[in-house]
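Visitor: Just so it is clear, I am handing over protein16.txt, which has compact mmCIF, C-alpha atoms.
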```
# COMPACT_ATOMS: atom_id res chain seq x y z
CA ALA I 1 9.19 15.95 -2.35
CA GLN I 2 8.94 12.24 -1.76
CA LYS I 3 8.83 9.85 -4.63
CA VAL I 4 9.25 6.16 -5.38
CA THR I 5 10.26 5.00 -8.83
CA GLN I 6 9.90 1.47 -10.12
CA ALA I 7 11.20 1.74 -13.65
CA GLN I 8 10.34 -1.83 -14.60
CA THR I 9 6.68 -1.97 -15.52
CA GLU I 10 6.59 -5.64 -16.44
CA ILE I 11 9.07 -8.49 -16.18
CA SER I 12 8.72 -12.05 -17.44
CA VAL I 13 11.04 -14.82 -16.37
CA VAL I 14 11.09 -18.56 -16.77
CA GLU I 15 10.59 -20.59 -13.63
CA LYS I 16 13.75 -21.10 -11.57
CA GLU I 17 15.41 -17.98 -12.94
CA ASP I 18 16.49 -15.24 -10.54
CA VAL I 19 14.89 -11.83 -10.91
CA THR I 20 15.61 -8.42 -9.38
CA LEU I 21 12.99 -5.73 -9.00
CA ASP I 22 14.39 -2.21 -8.80
CA CYS I 23 13.21 0.59 -6.53
CA VAL I 24 14.63 4.10 -6.29
CA TYR I 25 13.29 6.60 -3.79
CA GLU I 26 13.51 10.30 -3.04
CA THR I 27 13.00 11.93 0.33
CA ARG I 28 14.27 14.89 2.30
CA ASP I 29 13.63 13.23 5.63
CA THR I 30 16.49 11.64 7.50
CA THR I 31 14.09 9.21 9.17
CA TYR I 32 12.08 7.18 6.72
CA TYR I 33 10.92 3.64 6.10
CA LEU I 34 10.92 1.50 3.01
CA PHE I 35 8.57 -1.34 2.25
CA TRP I 36 7.85 -4.00 -0.31
CA TYR I 37 4.34 -5.31 -0.82
CA LYS I 38 3.05 -8.03 -3.12
CA GLN I 39 -0.36 -7.79 -4.78
CA PRO I 40 -1.66 -11.08 -6.17
CA PRO I 41 -4.70 -11.14 -8.47
CA SER I 42 -6.99 -11.26 -5.44
CA GLY I 43 -6.12 -7.61 -4.83
CA GLU I 44 -4.93 -7.75 -1.25
CA LEU I 45 -1.55 -6.14 -0.61
CA VAL I 46 0.70 -8.56 1.23
CA PHE I 47 3.50 -7.14 3.36
CA LEU I 48 6.97 -8.51 2.56
CA ILE I 49 9.53 -6.33 4.33
CA ARG I 50 10.12 -3.05 6.13
CA ARG I 51 13.43 -1.24 6.50
CA ASN I 52 14.21 1.98 8.34
CA SER I 53 16.68 4.56 7.11
CA PHE I 54 19.21 3.74 9.81
CA ASP I 55 19.48 0.07 8.99
CA GLU I 56 21.29 -0.64 5.76
CA GLN I 57 21.80 -4.30 6.43
CA ASN I 58 20.67 -6.48 3.62
CA GLU I 59 18.13 -9.13 4.45
CA ILE I 60 17.41 -12.59 3.23
CA SER I 61 14.21 -14.51 3.84
CA GLY I 62 14.09 -17.82 2.07
CA ARG I 63 14.17 -17.14 -1.67
CA TYR I 64 13.72 -13.40 -1.12
CA SER I 65 16.49 -10.90 -0.49
CA TRP I 66 16.64 -7.14 -0.29
CA ASN I 67 19.51 -4.76 -0.97
CA PHE I 68 19.25 -1.33 0.63
CA GLN I 69 21.79 1.27 -0.46
CA LYS I 70 21.38 4.81 0.85
CA SER I 71 24.22 6.05 -1.35
CA THR I 72 22.13 5.34 -4.45
CA SER I 73 18.70 5.70 -2.77
CA SER I 74 17.79 2.22 -3.85
CA PHE I 75 15.98 -0.67 -2.22
CA ASN I 76 16.05 -3.58 -4.63
CA PHE I 77 14.30 -6.91 -4.24
CA THR I 78 15.63 -10.19 -5.60
CA ILE I 79 13.71 -13.44 -5.93
CA THR I 80 15.95 -16.46 -6.31
CA ALA I 81 14.77 -19.53 -8.19
CA SER I 82 11.45 -17.95 -9.09
CA GLN I 83 8.24 -19.95 -8.95
CA VAL I 84 4.89 -19.55 -10.68
CA VAL I 85 3.35 -18.52 -7.34
CA ASP I 86 5.62 -15.47 -7.37
CA SER I 87 3.60 -14.02 -10.24
CA ALA I 88 2.06 -10.81 -8.93
CA VAL I 89 2.48 -7.06 -8.92
CA TYR I 90 5.16 -5.89 -6.51
CA PHE I 91 5.11 -2.45 -4.97
CA CYS I 92 7.89 -0.55 -3.29
CA ALA I 93 6.77 2.12 -0.84
CA LEU I 94 8.17 4.87 1.35
CA SER I 95 6.89 6.50 4.51
CA GLU I 96 8.45 9.43 6.31
CA GLU I 97 8.41 10.47 9.92
CA ARG I 98 7.43 13.95 8.80
CA THR I 99 4.38 12.99 6.74
CA GLY I 100 3.19 10.11 8.92
CA ALA I 101 4.13 6.48 9.37
CA ASN I 102 0.93 5.20 7.82
CA ASN I 103 1.02 7.53 4.83
CA LEU I 104 2.82 5.31 2.35
CA PHE I 105 4.00 6.64 -0.98
CA PHE I 106 3.89 3.80 -3.44
CA GLY I 107 5.75 3.25 -6.67
CA THR I 108 3.79 2.31 -9.76
CA GLY I 109 4.52 -1.37 -9.30
CA THR I 110 6.28 -4.06 -11.28
CA ARG I 111 4.19 -6.88 -12.73
CA LEU I 112 6.16 -10.11 -12.52
CA THR I 113 5.12 -13.08 -14.60
CA VAL I 114 6.85 -16.38 -13.97
CA ILE I 115 6.43 -18.74 -16.88
CA PRO I 116 6.38 -22.45 -16.09
CA LYS T 117 -6.76 -14.31 13.76
CA ALA T 118 -9.11 -12.65 11.31
CA GLY T 119 -7.61 -10.23 8.82
CA VAL T 120 -8.87 -6.86 7.66
CA THR T 121 -12.40 -7.19 6.36
CA GLN T 122 -13.85 -4.84 3.80
CA THR T 123 -17.45 -4.70 2.65
CA PRO T 124 -18.85 -4.67 0.10
CA ARG T 125 -16.28 -6.27 -2.17
CA TYR T 126 -17.90 -5.01 -5.36
CA LEU T 127 -20.41 -2.31 -6.07
CA ILE T 128 -21.73 -0.32 -8.98
CA LYS T 129 -23.05 3.20 -8.67
CA THR T 130 -24.04 5.96 -11.04
CA ARG T 131 -22.66 9.47 -11.26
CA GLY T 132 -23.98 11.80 -8.61
CA GLN T 133 -24.77 9.06 -6.11
CA GLN T 134 -22.90 8.53 -2.89
CA VAL T 135 -21.28 5.42 -1.49
CA THR T 136 -20.20 4.15 1.92
CA LEU T 137 -17.49 1.53 2.33
CA SER T 138 -16.79 -0.33 5.52
CA CYS T 139 -13.60 -1.68 7.07
CA SER T 140 -13.15 -3.89 10.12
CA PRO T 141 -9.53 -3.90 11.28
CA ILE T 142 -7.61 -6.73 12.85
CA SER T 143 -8.62 -7.17 16.46
CA GLY T 144 -6.48 -4.92 18.62
CA HIS T 145 -5.46 -2.61 15.79
CA ARG T 146 -6.47 0.95 16.48
CA SER T 147 -5.32 2.68 13.32
CA VAL T 148 -7.17 2.43 10.03
CA SER T 149 -5.88 3.92 6.79
CA TRP T 150 -7.59 4.13 3.42
CA TYR T 151 -6.00 4.05 -0.01
CA GLN T 152 -7.36 4.45 -3.52
CA GLN T 153 -5.90 2.38 -6.34
CA THR T 154 -6.51 3.31 -9.97
CA PRO T 155 -4.68 2.33 -13.16
CA GLY T 156 -3.82 5.96 -13.86
CA GLN T 157 -2.81 7.28 -10.44
CA GLY T 158 -1.72 4.09 -8.75
CA LEU T 159 -1.99 3.73 -4.99
CA GLN T 160 -2.77 6.95 -3.18
CA PHE T 161 -3.29 7.65 0.50
CA LEU T 162 -6.72 8.98 1.39
CA PHE T 163 -6.71 9.33 5.17
CA GLU T 164 -5.90 7.69 8.47
CA TYR T 165 -7.99 7.37 11.60
CA PHE T 166 -6.79 6.55 15.09
CA SER T 167 -8.92 6.56 18.23
CA GLU T 168 -11.86 7.98 16.28
CA THR T 169 -9.83 10.98 15.11
CA GLN T 170 -8.52 11.72 11.66
CA ARG T 171 -4.75 11.80 12.02
CA ASN T 172 -3.66 12.40 8.50
CA LYS T 173 -5.20 13.23 5.15
CA GLY T 174 -4.06 12.86 1.58
CA ASN T 175 -4.71 15.18 -1.32
CA PHE T 176 -8.31 14.35 -2.14
CA PRO T 177 -11.34 16.63 -2.44
CA GLY T 178 -13.81 17.07 0.38
CA ARG T 179 -16.20 14.63 -1.31
CA PHE T 180 -14.08 11.92 0.29
CA SER T 181 -14.66 11.59 3.99
CA GLY T 182 -14.35 8.98 6.67
CA ARG T 183 -14.94 8.18 10.27
CA GLN T 184 -13.93 5.67 12.86
CA PHE T 185 -16.06 4.15 15.57
CA SER T 186 -15.16 3.29 19.14
CA ASN T 187 -14.57 -0.34 18.18
CA SER T 188 -11.99 0.86 15.58
CA ARG T 189 -14.19 -0.05 12.64
CA SER T 190 -14.05 2.58 9.94
CA GLU T 191 -16.19 3.79 7.10
CA MET T 192 -15.36 5.99 4.19
CA ASN T 193 -17.89 7.93 2.17
CA VAL T 194 -17.70 9.40 -1.28
CA SER T 195 -20.42 11.85 -2.21
CA THR T 196 -21.47 13.08 -5.64
CA LEU T 197 -19.66 10.28 -7.40
CA GLU T 198 -17.71 10.98 -10.57
CA LEU T 199 -16.54 8.54 -13.22
CA GLY T 200 -12.97 9.05 -12.02
CA ASP T 201 -13.86 7.67 -8.60
CA SER T 202 -13.99 4.19 -10.08
CA ALA T 203 -11.21 2.40 -8.23
CA LEU T 204 -10.19 -0.27 -5.80
CA TYR T 205 -10.44 1.17 -2.31
CA LEU T 206 -8.10 -0.52 0.12
CA CYS T 207 -8.28 -0.35 3.87
CA ALA T 208 -5.29 -1.12 6.06
CA SER T 209 -4.98 -1.47 9.79
CA SER T 210 -2.05 -1.24 12.16
CA LEU T 211 -1.46 -1.28 15.87
CA ALA T 212 -0.53 2.35 16.21
CA SER T 213 -0.25 5.69 14.53
CA GLY T 214 2.36 8.42 14.62
CA ALA T 215 6.11 8.19 14.45
CA GLY T 216 7.81 4.90 13.93
CA ALA T 217 7.25 2.36 11.26
CA ASN T 218 4.03 0.46 11.37
CA VAL T 219 3.27 -2.57 9.36
CA LEU T 220 0.06 -2.00 7.51
CA THR T 221 -2.10 -5.05 6.97
CA PHE T 222 -4.39 -4.56 4.00
CA GLY T 223 -7.82 -5.89 3.25
CA ALA T 224 -8.87 -7.28 -0.12
CA GLY T 225 -10.49 -4.01 -1.10
CA SER T 226 -13.82 -2.72 -2.30
CA ARG T 227 -14.01 -2.33 -6.06
CA LEU T 228 -16.23 0.59 -6.99
CA THR T 229 -17.46 1.14 -10.52
CA VAL T 230 -19.15 4.43 -11.34
CA LEU T 231 -21.30 4.47 -14.46
```
Kindly return the structure encoded in the file as C-alpha cells.

Guide:
Amino acid sequence: AQKVTQAQTEISVVEKEDVTLDCVYETRDTTYYLFWYKQPPSGELVFLIRRNSFDEQNEISGRYSWNFQKSTSSFNFTITASQVVDSAVYFCALSEERTGANNLFFGTGTRLTVIP
Amino acid sequence: KAGVTQTPRYLIKTRGQQVTLSCSPISGHRSVSWYQQTPGQGLQFLFEYFSETQRNKGNFPGRFSGRQFSNSRSEMNVSTLELGDSALYLCASSLASGAGANVLTFGAGSRLTVL
C-alpha cells in the first residue's frame, strides 16, 4: 500500500539557520510522483515541487533544495537561511499512476516555526 | 489569472443537516479534486471530476457526493452531517486528469463546523 511518512511533527529554528524536512514514502508502483506543498495559516496549499520516479536529479530553487533518493525511498526538503516567512506546515505527498495522478497521498505534515 | 475559488469559506451546521460546497477552478482547468483535512486523519482524497464525470473516488461513505458542471465548476455535498465531518474541505484544479503528473492548484478551503 502507498504511504508517506513525515516523522518530524514540529521543528523550530532560529532565523538564518538551515533546516531539513524529512519525507519517506512507500509504493509498489514503478511510476509515481512526489510533491511538496506548503500550507500557511491562511489554509491554502501552495505547490513547491513535483518529481517523477524516473528523475532522481536533485533540484535547487533559490533557498529551497530537494534531495530525492530512490534507494532509501526518501524525498527530503532543505531550506537554507530560513526566514520568518517560511513558517508554515509543509506536506510531502505521493501520487501513483495506478491510483490516479490527482489522488495525492499526503504525509501528516511538519510544522516549521522560524523564530526571529 | 484568478486562482481556485471556494465558497463559502466558513459555515456552521448541525448534525443531520446537509451542506453544499462550491469550487470554481482556474480558467481552462478541467479537472477538479476534493480533499478533506482534519487534525486526526490529515489530508484525504475525496473524489475527482473531469469533464462532468467522476474519475476517481477515495474511501468515504456515500453521504459524500459531488458533481461537475459543463463550465468545470464543481460542488460537493455532504448529507446527514455528523460531528466527524467537521473539517477543512479543499478543492484543487488541474489542467488534466489521468496518467502523468498534474500540478494541483488548491483553493483556500471551506471550513465546516458541525455542532

Visitor: Atom CA of Ser87 of chain I to atom CA of Gln157 of chain T: how many Å, to one decimal?

Guide: 22.2 Å

Visitor: Find the residues in chain T near chain I: any atom within 10 Å counts, using all atoms listed in the file. Write them as a PyMOL selection string.

Guide: chain T and resi 120+147-151+155-165+171-174+204+206-210+212-227

Visitor: Mind checking which residues fall within 9 Å of Ile79 of chain I, counting all atoms listed in the file, ignoring those fewer than 6 positions away in the same chain, and posting them as a JSON list (two decimals) with C-alpha atoms, keeping the file's coordinate frame?

Guide:
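The result, stored in selection.json:
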```
[["chain", "number", "residue", "atom", "x", "y", "z"],
["I", 17, "GLU", "CA", 15.41, -17.98, -12.94],
["I", 18, "ASP", "CA", 16.49, -15.24, -10.54],
["I", 19, "VAL", "CA", 14.89, -11.83, -10.91],
["I", 20, "THR", "CA", 15.61, -8.42, -9.38],
["I", 21, "LEU", "CA", 12.99, -5.73, -9.00],
["I", 63, "ARG", "CA", 14.17, -17.14, -1.67],
["I", 64, "TYR", "CA", 13.72, -13.40, -1.12],
["I", 65, "SER", "CA", 16.49, -10.90, -0.49],
["I", 66, "TRP", "CA", 16.64, -7.14, -0.29],
["I", 86, "ASP", "CA", 5.62, -15.47, -7.37]]
```

Visitor: May I have the residues at most 10 Å from (24.3, -5.9, -3.6) in the file's coordinates, counting all atoms listed in the file, as a PyMOL selection string?

Guide: chain I and resi 58+65-69+75-76+78

Visitor: Please write the residues from the selection above to a file, keeping C-alpha atoms, as an mmCIF file, in the frame of the given file.

Guide:
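And here's again-v8.cif as it stands now:
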```cif
data_model
loop_
_atom_site.group_PDB
_atom_site.id
_atom_site.type_symbol
_atom_site.label_atom_id
_atom_site.label_comp_id
_atom_site.auth_asym_id
_atom_site.auth_seq_id
_atom_site.Cartn_x
_atom_site.Cartn_y
_atom_site.Cartn_z
ATOM 1 C CA ASN I 58 20.670 -6.480 3.620
ATOM 2 C CA SER I 65 16.490 -10.900 -0.490
ATOM 3 C CA TRP I 66 16.640 -7.140 -0.290
ATOM 4 C CA ASN I 67 19.510 -4.760 -0.970
ATOM 5 C CA PHE I 68 19.250 -1.330 0.630
ATOM 6 C CA GLN I 69 21.790 1.270 -0.460
ATOM 7 C CA PHE I 75 15.980 -0.670 -2.220
ATOM 8 C CA ASN I 76 16.050 -3.580 -4.630
ATOM 9 C CA THR I 78 15.630 -10.190 -5.600
#
```

Visitor: Would you kindly return, as a VMD selection string, each protein, DNA or RNA residue with an atom no farther than 8 Å from any atom of Arg183 of chain T, considering all atoms listed in the file and excluding same-chain residues fewer than 4 positions away?

Guide: chain T and resid 165 168 to 170 190 to 192

Visitor: Would you write out those residues with C-alpha atoms, as an mmCIF file, in the coordinates of the input?

Guide:
```
data_model
loop_
_atom_site.group_PDB
_atom_site.id
_atom_site.type_symbol
_atom_site.label_atom_id
_atom_site.label_comp_id
_atom_site.auth_asym_id
_atom_site.auth_seq_id
_atom_site.Cartn_x
_atom_site.Cartn_y
_atom_site.Cartn_z
ATOM 1 C CA TYR T 165 -7.990 7.370 11.600
ATOM 2 C CA GLU T 168 -11.860 7.980 16.280
ATOM 3 C CA THR T 169 -9.830 10.980 15.110
ATOM 4 C CA GLN T 170 -8.520 11.720 11.660
ATOM 5 C CA SER T 190 -14.050 2.580 9.940
ATOM 6 C CA GLU T 191 -16.190 3.790 7.100
ATOM 7 C CA MET T 192 -15.360 5.990 4.190
#
```

Visitor: What does the distance from atom CA of Ala88 of chain I to atom CA of Phe176 of chain T come to in Å, to one decimal?

Guide: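 Atom CA of Phe176 of chain T lies at a distance of 28.0 Å from atom CA of Ala88 of chain I.
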
Visitor: Please list, as a VMD selection string, the residues that have an atom at most 12 Å away from (-14.8, 18.4, -0.4) in the coordinates of this file, counting all atoms listed in the file.

Guide: chain T and resid 175 to 182 193 to 197

Visitor: The selected residues should be written to file as a short mmCIF file (atom, residue, chain, number, x, y, z; two decimals), keeping the file's coordinate frame (atoms: C-alpha atoms).

Guide:
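This went into again-v6.cif:
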```
data_model
loop_
_atom_site.label_atom_id
_atom_site.label_comp_id
_atom_site.auth_asym_id
_atom_site.auth_seq_id
_atom_site.Cartn_x
_atom_site.Cartn_y
_atom_site.Cartn_z
CA ASN T 175 -4.71 15.18 -1.32
CA PHE T 176 -8.31 14.35 -2.14
CA PRO T 177 -11.34 16.63 -2.44
CA GLY T 178 -13.81 17.07 0.38
CA ARG T 179 -16.20 14.63 -1.31
CA PHE T 180 -14.08 11.92 0.29
CA SER T 181 -14.66 11.59 3.99
CA GLY T 182 -14.35 8.98 6.67
CA ASN T 193 -17.89 7.93 2.17
CA VAL T 194 -17.70 9.40 -1.28
CA SER T 195 -20.42 11.85 -2.21
CA THR T 196 -21.47 13.08 -5.64
CA LEU T 197 -19.66 10.28 -7.40
#
```

Visitor: Just the number, please: distance in Å from atom CA of Gln8 of chain I to atom CA of Ser71 of chain I, one decimal.

Guide: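 One can read the atom CA of Gln8 of chain I to atom CA of Ser71 of chain I distance as 20.7 Å.
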
Visitor: Specify the axis-aligned box that encloses all atoms of segment 13-20 of chain I listed in the file after padding of 6 Å on each side, stating its centre and edge lengths in Å to one decimal as lines of an AutoDock Vina configuration file.

Guide:
```
center_x = 13.5
center_y = -14.8
center_z = -13.1
size_x = 17.9
size_y = 24.7
size_z = 19.4
```

Visitor: If we count all atoms listed in the file and set the cut-off at 6 Å, which residues sit around Ser188 of chain T, ignoring sequence neighbours fewer than 3 positions away in its own chain? Please answer as a list in words.

Guide: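 Near Ser188 of chain T, the qualifying residues are Arg146, Gln184 and Phe185 of chain T.
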
Visitor: Counting only C-alpha atoms, which residue out of I:Lys16, I:Ile115, I:Asp29, I:Glu10 sits closest to Leu94 of chain I?

Guide: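 Ranked by minimum distance to Leu94 of chain I, first place goes to I:Asp29.
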
Visitor: Given only C-alpha atoms as the basis, pick out the residue of T:Ser167, T:Asn187, T:Gln122, T:Thr229 nearest to Gln134 of chain T.

Guide: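 Nearest candidate to Gln134 of chain T out of T:Ser167, T:Asn187, T:Gln122, T:Thr229: T:Thr229.
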